[in-house]
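Below: one structure, written as structure tokens.
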Amino acid sequence: MKFSQLLIPTLKEAPNEATLPSHIYLLRGGFIQSVGSGLYNFLPLGKRSLDRVQKVIKEELDKAGAQEVSLSFVTPASFWIESGRFEKYGKELLRFKDRKDSDFVLGPTHEEMMVNLVKQTVKSYKQLPLNLYQINLKFRDEIRPRFGLMRGREFLMKDGYSFHANEADMKREFDLMEATYKKIFTRLGLDFRVVEADSGAIGGSGSKEFMVLADSGEDTIVVCENCQYGANIEAAIRQPKEFAYDTNSEFKKVHTPNTTTIEEVSKFLDISADYIMKTVAKKALYDGGRSEIVLFVIRGSDTLEETKACNAVCANEIVDISDKELFDAGLVAGYMGPLNTPKNIRIVVDDSLKDASGMVSGANEADCHLVGASSDQIENPLYKDIVAVQENDRCSCCGGRLYYTKGIEVGHIFQLGTRYSEPLKAEFLNEQGKTQPFVMGTYGIGVSRLLAAIIEQHHDERGCMWTKESSPFDLVIIVSNIKDELQSKVGQELYSKLSEMGVAVLLDDRKERFGFKMKDFELIGIPCTVVVGQKLHEGKVEIVMRQNLQPQEIATKDVVTRLKEEFKW
RNA sequence: CGGAGUGUAGCGCAGUCUGGUAGCGCACCUGGUUUGGGACCAGGGGGUCGAAGGUUCGAGUCCUUUCACUCCGACCA
């Protein structure tokens, strides 16, 4: 394609709403255009990159035996009501009515739809297994869209669903998808990590996330410096710590004025935060608008992991409680504890506090704490893992040191089991002739997010640096001075020759000065350019790689061969 | 939703405190010069100053309401 004919509106200055490198460079390079909060148009360059990333995904999935379909974007709400997610999904689900006043949703993910498709067509175990996927628009009415393509409301996603006759076969497919995803992200040139994850609103058990490592990532992931263990902070676990308890301390109430924080209590009573039972009150929200106050009890030196807390009580969401609500419930902020609590308040205790004694806790009374308390005094405790793993904790696999890093979630695979097939009555006849629900897996890739992730990981202060299989073009030919007939002619010839070879070439034939075109090359970030310029009179052109920007002179007649070698075209 | 901030030409901004002809840089159009690191000269086009209402002889500027966007927290591919 010729640059002079393409719509590539590059910008010298970035619109001020952009803060992340990927957002800034995608806007400045003319890849995307903002149309509203979390909504973007893809311009020719952006569309080309998107297509190439999709091509990689499709090739690998097809090789793994998955089949592509395309599901209706608008989904009848009845499917969602049936699966129970109409409520559970919350406000992110965009709902609307058609002219006949029927309810519809704009699909944020398509488990219901796909289950329905398969339910109508697959009746026997002989038709299994099946892995169907699509690459389609999704819409999630995010609370706070941000970071450009990273968290848009409308986005392109690959979502795949597999159907099996039994658990073992589903696990086989799950492993195959993990391997396939690794191939995809490797081909795209990404530095990523596969981590254990929380299953969130999709449901099911055993899920893994694919995290592109980048400082701007929105997820905190815990990784081991020693082994391959990696997990999202929401699901990370650690080796239990050993504590020596003072079993002789007398259980009593002590006066502790002005000690509403763990540090203050720790200092006042001269006791390590490890031996304080920190009590965090949250409000858990359930279906049907039902809610309750829950006390989460953890060690003073730990912090509550909200996702784990939410899962522990099977809530849709847990939220902070206002001082008034606390007061109304008979709780005293700063002096809460798991003992002597008002009636009917659910108490969840962290696993690490099992058998803890000689502990300090709030007395549920202003300016008072209890000392010498033990966890077996707690009435009806629900023991769960609810704390966040901290840096320098020990790995549960190998005992190695754990540390935090940031990641961008670009893929997520789930072992669903019968989470959807059962309520949606998607069943088949097994070998024994008995009716049985499908055992399912589901697999997602954020396709448009991948563009942002690639740039987050591959850019410098001049602009984008696309990886080989994600770049909108393979090569740019810059004709330094378009008015120089020889330069123009050689540029054209090179362009024709390479195009015929099937190389995606962009010919920068604009009537602009050399520096201007170089700046655009650097901003757009195509991996390589051939500069046809002054050196032409010596029979030479230059090859410049976007990686290092070091020009290499080469005889004009050898350039095609050289590029062939370099890129294995 | 809570907290903070911003809306003036396609983009980046000044002007708002102290009311009096809507400005600058980039981009765009025409002509000319220039041609290896975002050129120069001359001329030109483009704005309901986010929206509505109010105060005033007069509002980008003051008052009220409202909308949008961005940033920090709770959501997720």
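Numbering starts fresh at 1 for the residues of each chain in the structure tokens, the chains themselves are lettered A, B, ... in the order given, and ligands are numbered from 1 as they appear.
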Discussion item. Counting only C-alpha atoms (C1' of nucleotides), a student should be able to say which residues of chain B come within 9 Å of chain A; what is the right answer, written as a list in words?
Written reply: C11, G12, C26, A27, U35, G36, G37, G38, A39, C69, U70, A74, C75, C76 and A77 of chain B
Item to complete: Extract, using only C-alpha atoms (C1' of nucleotides), all DNA, RNA and protein residues at most 8 Å from Ala281 (chain A), discarding same-chain residues fewer than 2 positions from it, and format them as a ChimeraX atom specification.
Response: /A:279,283,293-296,320-321
Fill in: DSSP strand (DSSP E or B) selection over region 78-213 of chain A, as a ChimeraX atom specification
/A:94-97,103-106,124,130-139,146,151,154-164,192-197,205-213
Item to complete: Pick out the closest residue to G7 (chain B) from this set: B:C49, B:C72, B:A59, B:C40. Count only C-alpha atoms (C1' of nucleotides).
Response: B:C49
Discussion item. Could you list, as a PyMOL selection string, every residue within 8 Å of region 42-47 of chain B, counting only C-alpha atoms (C1' of nucleotides) and ignoring same-chain residues fewer than 3 positions away?
Written reply: chain B and resi 9+29-30
Requested write-out: C-alpha atoms (C1' of nucleotides) of the selected residues, as a CSV table (one decimal), in the first residue's frame:
chain,number,residue,atom,x,y,z
B,9,A,C1',-10.8,25.3,15.9
B,29,C,C1',-5.8,25.0,1.9
B,30,U,C1',-3.2,28.3,-2.2
Discussion item. Please determine, counting only C-alpha atoms (C1' of nucleotides), which residue among B:C71, B:C41, B:C62, B:A52 has the shortest atom-to-atom distance to G5 (chain B).
Written reply: B:C71
Item to complete: Extract, using only C-alpha atoms (C1' of nucleotides), all DNA, RNA and protein residues at most 10 Å from region 308-316 of chain A, discarding same-chain residues fewer than 4 positions from it, and format them as a count of residues only.
Response: 37
Worksheet item: B:G53, B:G3, B:G10, B:G60: which is nearest C28 (chain B), counting only C-alpha atoms (C1' of nucleotides)?
Response: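 For C28 (chain B), the nearest of the given residues is B:G10.
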Spatial neighbours of region 119-131 of chain A, max dist 12 Å, only C-alpha atoms (C1' of nucleotides), sep filter under 3 positions, as an mmCIF file with C-alpha atoms, in the first residue's frame:
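Result saved to selection_32.cif:
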data_model
loop_
_atom_site.group_PDB
_atom_site.id
_atom_site.type_symbol
_atom_site.label_atom_id
_atom_site.label_comp_id
_atom_site.auth_asym_id
_atom_site.auth_seq_id
_atom_site.Cartn_x
_atom_site.Cartn_y
_atom_site.Cartn_z
ATOM 1 C CA LEU A 61 -6.757 -22.752 17.405
ATOM 2 C CA ASP A 62 -7.587 -24.421 14.137
ATOM 3 C CA LYS A 63 -4.412 -26.502 14.449
ATOM 4 C CA ALA A 64 -5.623 -27.582 17.889
ATOM 5 C CA GLY A 65 -8.884 -28.753 16.358
ATOM 6 C CA ALA A 66 -11.176 -25.929 17.427
ATOM 7 C CA GLN A 67 -13.859 -24.729 15.034
ATOM 8 C CA GLU A 68 -14.812 -21.134 14.382
ATOM 9 C CA VAL A 69 -18.407 -19.929 14.513
ATOM 10 C CA GLU A 111 -21.562 -19.243 27.492
ATOM 11 C CA GLU A 112 -25.362 -19.225 27.384
ATOM 12 C CA MET A 113 -25.524 -18.732 23.659
ATOM 13 C CA MET A 114 -22.985 -21.404 22.875
ATOM 14 C CA VAL A 115 -24.544 -23.921 25.235
ATOM 15 C CA ASN A 116 -27.811 -23.310 23.498
ATOM 16 C CA GLN A 134 -15.592 -17.103 17.829
ATOM 17 C CA ASP A 159 -14.166 -16.804 23.285
ATOM 18 C CA GLY A 160 -14.091 -20.571 22.997
ATOM 19 C CA TYR A 161 -16.173 -23.291 24.610
ATOM 20 C CA SER A 162 -15.507 -26.989 24.746
ATOM 21 C CA PHE A 163 -17.956 -29.797 25.384
ATOM 22 C CA HIS A 164 -17.046 -33.201 26.753
ATOM 23 C CA ALA A 165 -18.541 -36.442 27.899
ATOM 24 C CA ASN A 166 -16.500 -36.531 31.084
ATOM 25 C CA GLU A 167 -14.227 -34.579 33.406
ATOM 26 C CA ALA A 168 -11.030 -36.261 32.249
ATOM 27 C CA ASP A 169 -11.571 -35.342 28.631
ATOM 28 C CA MET A 170 -12.366 -31.754 29.595
ATOM 29 C CA LYS A 171 -9.083 -31.583 31.517
ATOM 30 C CA ARG A 172 -7.239 -32.920 28.501
ATOM 31 C CA GLU A 173 -8.713 -30.127 26.394
ATOM 32 C CA PHE A 174 -7.932 -27.581 29.113
ATOM 33 C CA LEU A 176 -4.345 -28.477 25.173
ATOM 34 C CA MET A 177 -5.749 -24.953 25.286
ATOM 35 C CA TYR A 420 -23.965 -23.912 32.636
ATOM 36 C CA SER A 421 -25.002 -27.166 31.041
ATOM 37 C CA GLU A 422 -26.977 -28.204 34.091
ATOM 38 C CA LEU A 424 -29.578 -24.752 30.846
ATOM 39 C CA LYS A 425 -30.404 -28.468 30.533
ATOM 40 C CA ALA A 426 -27.800 -29.066 27.862
ATOM 41 C CA GLU A 427 -27.619 -32.819 27.882
ATOM 42 C CA PHE A 428 -26.589 -35.768 25.745
ATOM 43 C CA LEU A 429 -26.854 -39.529 25.862
ATOM 44 C CA ASN A 430 -23.738 -41.255 27.153
ATOM 45 C CA GLU A 431 -22.444 -44.719 26.284
ATOM 46 C CA GLN A 432 -24.842 -46.248 28.786
ATOM 47 C CA GLY A 433 -27.727 -44.518 27.090
ATOM 48 C CA LYS A 434 -28.220 -42.235 30.061
ATOM 49 C CA THR A 435 -28.893 -38.520 29.979
ATOM 50 C CA GLN A 436 -25.998 -36.444 31.211
ATOM 51 C CA PRO A 437 -25.076 -32.738 31.125
ATOM 52 C CA PHE A 438 -22.064 -31.690 29.045
ATOM 53 C CA VAL A 439 -18.811 -31.199 30.888
ATOM 54 C CA MET A 440 -17.485 -27.878 29.678
ATOM 55 C CA GLY A 441 -14.434 -25.682 29.472
ATOM 56 C CA THR A 442 -14.259 -22.056 28.385
ATOM 57 C CA TYR A 443 -11.336 -20.114 27.004
#
Discussion item. When DSSP is applied to the backbone of this structure, which of region 136-272 of chain A are assigned alpha helix (DSSP H)? Write them out as a ChimeraX atom specification.
Written reply: /A:167-187,262-268
